[in-house]
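Undergrad: Handing over run_0.cif, mmCIF, C-alpha atoms and all ligand atoms.
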```cif
data_my_file
loop_
_atom_site.label_atom_id
_atom_site.label_comp_id
_atom_site.auth_asym_id
_atom_site.auth_seq_id
_atom_site.Cartn_x
_atom_site.Cartn_y
_atom_site.Cartn_z
CA MET A 181 0.00 0.00 0.00
CA SER A 182 1.24 3.50 -0.80
CA VAL A 183 2.72 5.34 2.17
CA ILE A 184 0.12 8.07 1.48
CA PHE A 185 -2.68 5.74 2.61
CA ARG A 186 -1.14 4.49 5.84
CA VAL A 187 -2.78 5.39 9.12
CA GLY A 188 -1.12 8.28 11.00
CA ARG A 189 -1.54 9.89 14.43
CA ILE A 190 -1.72 13.43 15.75
CA GLY A 191 -2.06 13.22 19.52
CA ARG A 192 -5.03 10.96 20.23
CA LEU A 193 -6.39 11.40 16.69
CA GLU A 194 -6.02 8.49 14.32
CA LEU A 195 -6.04 9.66 10.72
CA PRO A 196 -6.84 7.07 8.02
CA ASN A 197 -4.32 8.52 5.55
CA ARG A 198 -1.65 11.23 5.26
CA LEU A 199 -3.63 13.81 3.26
CA VAL A 200 -4.94 16.81 5.20
CA ARG A 201 -7.04 19.70 3.97
CA SER A 202 -5.08 22.83 4.89
CA ALA A 203 -7.20 25.68 6.25
CA THR A 204 -8.88 27.51 3.41
CA ALA A 205 -11.06 30.59 4.01
CA GLU A 206 -14.27 29.55 2.30
CA ARG A 207 -16.23 32.80 2.64
CA MET A 208 -19.37 30.72 3.21
CA ALA A 209 -20.72 32.32 6.41
CA ASN A 210 -23.32 35.01 6.95
CA GLU A 211 -22.52 38.51 8.21
CA ARG A 212 -22.43 37.28 11.84
CA GLY A 213 -20.10 34.44 10.99
CA TYR A 214 -22.65 31.61 11.01
CA PRO A 215 -21.98 28.89 8.39
CA ARG A 216 -24.22 28.84 5.33
CA LEU A 217 -25.55 25.61 3.81
CA GLN A 218 -22.89 25.98 1.11
CA LEU A 219 -20.20 25.17 3.71
CA HIS A 220 -22.05 21.99 4.70
CA GLN A 221 -22.07 20.97 1.05
CA LEU A 222 -18.35 21.63 0.61
CA TYR A 223 -17.41 19.67 3.75
CA THR A 224 -19.65 16.80 2.64
CA GLN A 225 -17.68 16.64 -0.61
CA LEU A 226 -14.34 16.83 1.22
CA ALA A 227 -15.31 14.08 3.69
CA GLU A 228 -16.66 11.88 0.90
CA GLY A 229 -13.43 12.58 -0.97
CA GLU A 230 -11.53 10.86 1.86
CA VAL A 231 -9.24 13.65 3.02
CA SER A 232 -8.16 12.43 6.47
CA LEU A 233 -8.67 15.71 8.36
CA ILE A 234 -10.52 18.84 7.30
CA ILE A 235 -8.98 21.95 8.83
CA THR A 236 -11.62 24.65 8.50
CA GLY A 237 -10.95 28.05 7.01
CA HIS A 238 -9.75 30.44 9.70
CA MET A 239 -12.47 31.41 12.17
CA TYR A 240 -12.37 34.66 14.10
CA VAL A 241 -12.15 34.28 17.86
CA HIS A 242 -13.23 37.84 18.58
CA PRO A 243 -15.12 40.47 16.55
CA SER A 244 -11.96 42.64 16.55
CA GLY A 245 -10.19 39.93 14.53
CA LYS A 246 -12.58 39.42 11.63
CA ALA A 247 -10.25 39.30 8.64
CA HIS A 248 -12.71 39.56 5.75
CA PRO A 249 -16.40 39.40 4.86
CA GLU A 250 -18.18 36.04 5.15
CA MET A 251 -15.53 34.63 7.48
CA THR A 252 -16.78 31.94 9.85
CA GLY A 253 -16.92 33.03 13.49
CA ILE A 254 -16.36 31.18 16.76
CA TYR A 255 -16.57 34.16 19.13
CA GLU A 256 -19.85 33.56 20.98
CA ASP A 257 -21.58 30.53 22.52
CA ALA A 258 -24.62 30.94 20.27
CA GLN A 259 -22.34 29.71 17.47
CA ILE A 260 -21.91 26.30 19.11
CA PRO A 261 -25.13 24.70 17.70
CA PRO A 262 -24.52 25.75 14.07
CA LEU A 263 -20.88 24.68 14.36
CA ALA A 264 -22.02 21.37 15.86
CA ALA A 265 -24.25 20.85 12.83
CA LEU A 266 -21.22 21.43 10.59
CA ALA A 267 -19.05 18.96 12.52
CA GLN A 268 -21.92 16.44 12.40
CA VAL A 269 -22.07 16.66 8.61
CA VAL A 270 -18.37 15.75 8.42
CA HIS A 271 -18.73 12.89 10.91
CA ASP A 272 -21.80 11.56 9.10
CA HIS A 273 -19.66 11.22 5.99
CA GLY A 274 -16.80 9.50 7.81
CA GLY A 275 -14.49 12.50 8.14
CA LEU A 276 -12.62 14.34 10.89
CA ILE A 277 -12.62 18.10 11.37
CA ALA A 278 -10.45 20.61 13.24
CA ALA A 279 -11.28 24.29 13.67
CA GLN A 280 -8.61 26.80 12.72
CA ILE A 281 -8.87 29.67 15.22
CA ASN A 282 -7.50 33.08 14.33
CA HIS A 283 -7.39 36.78 15.02
CA GLY A 284 -6.84 38.98 11.96
CA GLY A 285 -4.68 41.57 13.78
CA MET A 286 -3.64 44.31 11.40
CA GLN A 287 -5.09 42.35 8.49
CA SER A 288 -8.62 42.66 9.88
CA ASP A 289 -11.37 43.84 7.57
CA PRO A 290 -11.54 47.68 7.67
CA GLU A 291 -15.33 47.59 7.20
CA ALA A 292 -15.92 45.29 10.17
CA VAL A 293 -13.01 46.45 12.32
CA PRO A 294 -12.33 50.20 12.06
CA ASP A 295 -9.74 50.05 14.88
CA ALA A 296 -7.39 47.21 13.93
CA LEU A 297 -5.12 45.77 16.62
CA ALA A 298 -1.45 44.92 16.17
CA PRO A 299 1.50 44.27 18.48
CA SER A 300 2.93 47.66 17.47
CA SER A 301 1.42 50.56 15.60
CA LYS A 302 4.31 50.75 13.18
CA PRO A 303 2.86 50.86 9.69
CA VAL A 304 4.01 47.96 7.55
CA ASP A 305 3.92 47.82 3.84
CA PHE A 306 1.91 44.62 3.44
CA THR A 307 -1.38 46.15 4.52
CA SER A 308 -2.81 49.37 3.23
CA ARG A 309 -4.61 50.05 6.48
CA SER A 310 -3.33 51.43 9.75
CA ALA A 311 -3.35 49.55 13.05
CA ARG A 312 -2.87 50.61 16.62
CA GLU A 313 -0.78 49.02 19.33
CA ILE A 314 -2.80 46.53 21.37
CA LYS A 315 -2.94 47.39 25.09
CA THR A 316 -1.92 44.84 27.72
CA ASP A 317 -5.47 44.34 28.99
CA GLU A 318 -6.58 43.74 25.40
CA ILE A 319 -3.81 41.15 25.01
CA ASP A 320 -5.30 39.27 27.97
CA LEU A 321 -8.77 39.56 26.43
CA ILE A 322 -7.67 38.13 23.07
CA ILE A 323 -5.71 35.31 24.72
CA ASP A 324 -8.87 34.41 26.62
CA ALA A 325 -10.88 34.65 23.38
CA PHE A 326 -8.62 32.00 21.80
CA GLY A 327 -9.24 29.74 24.82
CA GLN A 328 -12.99 30.30 24.66
CA ALA A 329 -13.02 29.61 20.92
CA ALA A 330 -11.25 26.29 21.50
CA ARG A 331 -13.78 25.42 24.18
CA ARG A 332 -16.59 26.12 21.69
CA ALA A 333 -14.95 23.96 19.04
CA GLN A 334 -14.69 21.09 21.51
CA ALA A 335 -18.29 21.61 22.69
CA ALA A 336 -19.42 21.59 19.05
CA GLY A 337 -17.84 18.17 18.51
CA PHE A 338 -14.84 19.21 16.46
CA ASP A 339 -12.00 16.68 16.60
CA GLY A 340 -9.36 19.31 17.38
CA VAL A 341 -8.30 22.91 16.92
CA GLN A 342 -5.49 24.56 15.07
CA ILE A 343 -4.04 27.88 16.27
CA HIS A 344 -3.20 30.09 13.27
CA ALA A 345 0.31 31.38 13.87
CA ALA A 346 1.23 32.12 10.26
CA HIS A 347 0.63 34.49 7.34
CA GLY A 348 0.87 37.83 9.15
CA TYR A 349 -2.23 37.56 11.35
CA LEU A 350 -2.07 38.51 15.03
CA VAL A 351 -0.13 35.54 16.44
CA SER A 352 2.37 35.69 13.59
CA GLU A 353 2.57 39.49 13.99
CA PHE A 354 3.68 38.90 17.57
CA LEU A 355 6.36 36.46 16.38
CA SER A 356 7.72 38.85 13.76
CA PRO A 357 10.29 41.55 14.66
CA LEU A 358 8.91 43.57 11.75
CA THR A 359 5.48 43.95 13.32
CA ASN A 360 6.35 43.46 16.99
CA ARG A 361 8.51 46.32 18.27
CA ARG A 362 7.24 46.10 21.83
CA ALA A 363 9.58 46.77 24.73
CA ASP A 364 7.45 44.90 27.31
CA ARG A 365 7.39 41.15 27.99
CA TRP A 366 5.46 40.49 24.76
CA GLY A 367 8.30 41.72 22.56
CA GLY A 368 12.08 41.75 22.26
CA ASP A 369 14.00 38.63 21.22
CA ILE A 370 12.26 35.53 19.86
CA THR A 371 11.68 34.24 23.40
CA GLY A 372 9.69 37.41 24.18
CA ARG A 373 7.91 37.49 20.81
CA MET A 374 6.89 33.85 21.37
CA GLN A 375 5.12 34.69 24.64
CA PHE A 376 1.84 35.48 22.94
CA LEU A 377 1.74 32.09 21.19
CA ARG A 378 2.73 30.45 24.46
CA ALA A 379 -0.07 32.24 26.35
CA VAL A 380 -2.64 31.46 23.63
CA THR A 381 -1.64 27.78 23.67
CA SER A 382 -1.86 27.70 27.45
CA ALA A 383 -5.33 29.30 27.41
CA VAL A 384 -6.48 26.78 24.80
CA ARG A 385 -5.05 23.84 26.74
CA THR A 386 -6.66 25.04 29.97
CA GLN A 387 -10.05 25.11 28.28
CA VAL A 388 -9.92 21.82 26.38
CA GLY A 389 -8.00 19.60 28.83
CA PRO A 390 -4.83 17.54 28.34
CA ASP A 391 -5.96 15.08 25.64
CA TYR A 392 -7.80 17.23 23.12
CA PRO A 393 -5.80 17.58 19.87
CA VAL A 394 -4.29 21.06 19.51
CA LEU A 395 -2.29 21.90 16.41
CA VAL A 396 -0.46 25.02 15.26
CA LYS A 397 -0.01 26.34 11.75
CA LEU A 398 3.34 28.06 12.08
CA GLY A 399 4.95 30.64 9.84
CA MET A 400 8.55 29.42 9.87
CA MET A 401 9.82 32.69 8.42
CA ASP A 402 8.35 35.86 6.99
CA GLY A 403 10.28 36.12 3.74
CA VAL A 404 10.40 39.91 4.23
CA THR A 405 13.45 41.99 5.08
CA GLY A 406 13.54 42.50 8.83
CA GLY A 407 10.99 39.75 9.44
CA LEU A 408 11.06 36.44 11.30
CA THR A 409 14.06 34.35 10.23
CA LEU A 410 14.05 30.62 9.61
CA ALA A 411 16.45 30.13 12.56
CA GLU A 412 13.88 31.82 14.81
CA GLY A 413 11.07 29.73 13.31
CA VAL A 414 13.07 26.59 14.10
CA GLN A 415 13.45 27.74 17.69
CA VAL A 416 9.67 28.20 17.96
CA VAL A 417 9.13 24.67 16.59
CA SER A 418 11.55 23.25 19.16
CA GLU A 419 9.39 24.68 21.98
CA LEU A 420 5.93 23.67 20.74
CA ALA A 421 5.85 20.21 22.33
CA GLY A 422 6.70 21.77 25.69
CA MET A 423 3.83 24.21 25.23
CA GLY A 424 1.38 21.31 24.88
CA ILE A 425 0.96 21.25 21.10
CA ASP A 426 0.20 17.90 19.40
CA GLY A 427 1.17 18.64 15.80
CA VAL A 428 2.61 21.45 13.70
CA GLU A 429 1.79 22.45 10.15
CA LEU A 430 4.67 24.32 8.53
CA SER A 431 4.07 27.35 6.35
CA GLY A 432 5.62 30.79 5.97
CA GLY A 433 5.23 34.32 4.67
CA MET A 434 3.21 37.34 5.61
CA GLY A 435 -0.01 38.41 3.91
CA GLY A 436 -0.88 41.16 1.46
CA LYS A 437 1.76 41.68 -1.18
CA HIS A 438 4.09 39.27 0.63
CA LEU A 439 1.81 36.31 -0.03
CA VAL A 440 4.67 33.84 -0.48
CA ASN A 441 2.67 31.12 1.24
CA VAL A 442 0.34 30.78 -1.77
CA LYS A 443 2.88 30.41 -4.57
CA LYS A 444 1.58 30.64 -8.12
CA GLY A 445 2.44 28.67 -11.21
CA ILE A 446 3.51 25.25 -9.95
CA ARG A 447 3.82 23.26 -13.18
CA SER A 448 6.63 20.74 -12.56
CA THR A 449 7.37 18.30 -9.76
CA ALA A 450 10.55 20.29 -9.01
CA GLU A 451 8.37 23.27 -8.08
CA GLU A 452 6.19 21.27 -5.69
CA ALA A 453 6.67 21.04 -1.89
CA TYR A 454 8.13 24.53 -1.96
CA PHE A 455 8.55 24.71 1.83
CA ILE A 456 10.35 21.34 2.13
CA ASP A 457 13.40 23.07 3.61
CA PHE A 458 11.25 24.11 6.59
CA ALA A 459 10.55 20.44 7.33
CA ARG A 460 14.22 19.54 6.94
CA GLN A 461 15.11 22.22 9.50
CA ALA A 462 12.23 21.38 11.85
CA ARG A 463 12.58 17.60 11.92
CA PRO A 464 15.77 17.43 14.00
CA VAL A 465 14.35 19.70 16.73
CA THR A 466 10.93 18.13 17.37
CA ARG A 467 9.24 14.76 17.65
CA LEU A 468 5.82 16.25 16.96
CA PRO A 469 3.98 15.11 13.83
CA LEU A 470 4.91 17.50 11.00
CA LEU A 471 2.37 18.56 8.41
CA LEU A 472 3.81 20.37 5.40
CA VAL A 473 1.81 22.65 3.12
CA GLY A 474 2.72 24.40 -0.08
CA GLY A 475 2.51 23.15 -3.63
CA PHE A 476 1.86 19.42 -3.29
CA ARG A 477 0.32 18.21 -6.53
CA SER A 478 1.80 14.79 -7.51
CA ARG A 479 1.66 11.33 -6.01
CA SER A 480 5.40 10.86 -6.63
CA VAL A 481 6.36 13.99 -4.65
CA MET A 482 4.03 13.09 -1.77
CA GLU A 483 5.41 9.56 -1.59
CA ALA A 484 8.99 10.80 -1.70
CA VAL A 485 8.65 13.26 1.20
CA LEU A 486 6.64 10.83 3.32
CA THR A 487 9.07 7.99 2.65
CA SER A 488 12.04 10.22 3.54
CA GLY A 489 10.52 10.68 7.00
CA GLU A 490 10.92 14.44 6.77
CA VAL A 491 7.17 14.95 6.86
CA ASP A 492 4.31 12.96 8.42
CA PHE A 493 1.33 14.53 6.64
CA ILE A 494 0.77 16.35 3.34
CA SER A 495 -1.45 19.42 3.61
CA MET A 496 -3.20 20.85 0.59
CA SER A 497 -5.46 23.79 -0.10
CA ARG A 498 -5.85 24.64 -3.81
CA PRO A 499 -5.89 21.03 -5.11
CA LEU A 500 -8.94 20.43 -2.90
CA ILE A 501 -10.66 23.55 -4.21
CA ASN A 502 -9.99 22.25 -7.69
CA GLU A 503 -11.27 18.77 -6.78
CA PRO A 504 -12.53 17.94 -3.25
CA ARG A 505 -12.39 14.23 -4.12
CA PHE A 506 -8.68 14.33 -5.03
CA PRO A 507 -7.56 12.00 -2.16
CA ARG A 508 -10.12 9.36 -3.15
CA LEU A 509 -9.16 9.60 -6.82
CA LEU A 510 -5.50 9.17 -5.84
CA ARG A 511 -6.32 6.12 -3.72
CA LEU A 512 -8.32 4.52 -6.50
CA GLY A 513 -5.50 5.15 -8.94
CA ASP A 514 -7.73 7.27 -11.16
CA VAL A 515 -5.23 10.14 -11.10
CA ASP A 516 -1.57 10.65 -10.19
CA LYS A 517 -1.60 14.42 -10.13
CA SER A 518 -3.93 17.24 -9.17
CA GLY A 519 -5.55 19.21 -11.96
CA CYS A 520 -4.71 22.40 -10.06
CA ILE A 521 -2.42 24.71 -12.06
CA SER A 522 -1.85 27.02 -9.08
CA SER A 523 -3.04 30.21 -10.72
CA SER A 524 -4.79 31.07 -7.44
CA ASN A 525 -7.99 32.05 -9.18
CA CYS A 526 -9.89 30.37 -6.38
CA TRP A 527 -10.33 33.26 -3.93
CA ALA A 528 -13.90 34.36 -3.37
CA LEU A 529 -13.89 37.93 -4.60
CA GLU A 530 -17.57 38.73 -4.29
CA SER A 531 -20.21 37.99 -1.71
CA GLY A 532 -22.42 34.92 -1.83
CA VAL A 533 -20.13 32.90 -4.09
CA GLY A 534 -17.49 31.25 -1.88
CA ILE A 535 -14.17 29.74 -2.98
CA GLY A 536 -14.15 27.88 -6.26
CA CYS A 537 -11.75 26.89 -9.01
CA LYS A 538 -12.07 29.37 -11.86
CA CYS A 539 -8.95 28.42 -13.79
CA PRO A 540 -10.58 26.73 -16.80
CA LEU A 541 -12.80 29.78 -17.27
CA ASP A 542 -9.75 31.99 -16.88
CA LYS A 543 -7.97 30.05 -19.62
CA LEU A 544 -10.94 30.43 -21.93
CA GLU A 545 -11.07 34.15 -21.32
CA LYS A 546 -7.33 34.67 -21.80
CA PRO A 547 -6.25 32.28 -24.53
C1 LIG B 1 -8.58 30.65 -1.23
C2 LIG B 1 -7.54 30.41 -0.16
C3 LIG B 1 -7.88 30.61 1.18
C4 LIG B 1 -6.94 30.36 2.19
N1 LIG B 1 -7.31 30.51 3.50
C5 LIG B 1 -6.45 30.15 4.49
C6 LIG B 1 -6.88 30.15 5.85
O1 LIG B 1 -8.01 30.43 6.18
N2 LIG B 1 -5.95 29.78 6.79
C7 LIG B 1 -4.67 29.40 6.47
O2 LIG B 1 -3.90 29.06 7.35
N3 LIG B 1 -4.26 29.38 5.18
C8 LIG B 1 -5.12 29.72 4.20
N4 LIG B 1 -4.73 29.64 2.88
C9 LIG B 1 -3.37 29.12 2.58
C10 LIG B 1 -3.43 27.61 2.35
O3 LIG B 1 -3.87 26.91 3.50
C11 LIG B 1 -2.06 27.05 1.95
O4 LIG B 1 -1.15 27.31 3.01
C12 LIG B 1 -1.51 27.63 0.64
O5 LIG B 1 -2.56 27.82 -0.31
C13 LIG B 1 -0.45 26.74 0.00
O6 LIG B 1 -0.94 25.43 -0.21
P1 LIG B 1 -1.44 24.88 -1.65
O7 LIG B 1 -0.29 25.01 -2.61
O8 LIG B 1 -1.84 23.47 -1.39
O9 LIG B 1 -2.58 25.74 -2.08
C14 LIG B 1 -5.64 29.90 1.85
C15 LIG B 1 -5.31 29.70 0.50
C16 LIG B 1 -6.24 29.94 -0.49
C17 LIG B 1 -5.85 29.69 -1.91
#
```
Would you mind giving the structure from this file in structure tokens?

TA:
Amino acid sequence: MSVIFRVGRIGRLELPNRLVRSATAERMANERGYPRLQLHQLYTQLAEGEVSLIITGHMYVHPSGKAHPEMTGIYEDAQIPPLAALAQVVHDHGGLIAAQINHGGMQSDPEAVPDALAPSSKPVDFTSRSAREIKTDEIDLIIDAFGQAARRAQAAGFDGVQIHAAHGYLVSEFLSPLTNRRADRWGGDITGRMQFLRAVTSAVRTQVGPDYPVLVKLGMMDGVTGGLTLAEGVQVVSELAGMGIDGVELSGGMGGKHLVNVKKGIRSTAEEAYFIDFARQARPVTRLPLLLVGGFRSRSVMEAVLTSGEVDFISMSRPLINEPRFPRLLRLGDVDKSGCISSSNCWALESGVGIGCKCPLDKLEKP
């Protein structure tokens, strides 16, 4: 049997294969963050398509961290029943689901959040909007909001949570020296800049208990001058197990114009697994299960990285927008490669539509 379809573990979770759906903002919630029926339909397709774990699109843990319109919310207890219905849909179709919990920080939606919070007020060039320095009592409030969000995910029957600590949102802004210029205990060297992630993880763990699966999606480096370095990212990885994390998904890059995490134009196997170096650096410093995201498209590349032992799970976003049944088609031998051409024409750009692969249409329009 292919190494892709061997059982794997993340904490107490047993995953039937090594293919994970990386968090993908679906834009399928109403204005208060409640999932629309469309999201149920998408998760049904993903679960039927045999992806071993669905990590939801990022959900905002507090109204001050809503990153964009139609983002799913997990900031109030009234959201537990609709989220439970969503988790039930996945379980009914044999799948597992983890909630990605996030705060948009300085990348929050200007319409929803006029007063965006950031570790420091220093303007950075990857967002057009301004942000003000978060006060210490607000830091405590947001840390608690992450814990409460995790509690809601658990109460709703989700199989785990993933803390979003990548892509230039609030947790990653605290990690980055570019966006965190604080002189108090939340800033300074990487040990200080890691305190926010440590406190968020602790709040989550306190709420969900010792056995509930808690993952992190970690930006291993910013890819921006003056940003988080890979050496610092490796140090963060080395401390995650001690913080109580069960598994780490490796990514990188800030948002906005520094969107290196969603690389375009992957056409050859040599261009796939574009963050493999992060796994090579992380593996020697942690025994946690490593999930790697970024450009996986071909069976041969997946098998090679899994066989090497550098990575335990393959995470994918765009291939599963292109074809939610991709894992099943791979298992059946119907395909050896995703049809995704990585043009990133899958973002939902208008309301009511949600993510969707628009590449064939794009090709027709621009011959
Ligand atoms: C439409 C879209 C939405 C995304 N939303 C999220 C998100 O909510 N949380 C997150 O951590 N990453 C998000 N990402 C990044 C992906 O999870 C992934 O890291 C990136 O696309 C690279 O993987 P891929 O080559 O398999 O697409 C998103 C990517 C796309 C294309």

Undergrad: Leaving out region 429-431 of chain A and any residue of its chain fewer than 6 positions from it, which residues lie within 7 Å of it when counting all atoms listed in the file, given as a ChimeraX atom specification?

TA: /A:346,396-400,441,455,458,470-473

Undergrad: If you measure from CA of Gly340 (chain A) to CA of Gly536 (chain A), what distance in Å do you get, rounded to one decimal?

TA: 25.6 Å

Undergrad: I'd like to know which of A:Phe354, A:Tyr349, A:Phe506, A:Trp527 is closest to ligand LIG 1 (chain B), using all atoms listed in the file.

TA: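 When distances to ligand LIG 1 (chain B) are compared using all atoms listed in the file, the smallest one comes from A:Trp527.
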
Undergrad: Using all atoms listed in the file, which residues of the polymer chains come no farther than 7 Å from ligand LIG 1 (chain B)? I'd like the answer as a list in words.

TA: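 Here is the list of contacting residues: Ser202, Ala203, Thr204, Ala205, Glu206, Gly237, His238, His344, Ala346, Lys397, Ser431, Asn441, Val442, Lys443, Val473, Gly474, Gly475, Phe476, Ser495, Met496, Ser497, Arg498, Pro499, Ser522, Ser524, Cys526, Trp527, Ala528 and Ile535 of chain A.
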
Undergrad: Counting only C-alpha atoms, which of A:Gly413, A:Gly348, A:Gly427, A:Pro299 gets nearest to Arg365 (chain A)?

TA: A:Pro299

Undergrad: Nearest to His347 (chain A) among A:Val485, A:Leu297, A:Met401, A:Ala325, with distances taken over all atoms listed in the file: which residue is it?

TA: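 Once distances to His347 (chain A) are computed over all atoms listed in the file, the minimum belongs to A:Met401.
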
Undergrad: Expressed in Å to a single decimal, how great is the separation between CA of Val515 (chain A) and CA of Arg477 (chain A)?

TA: 10.8 Å
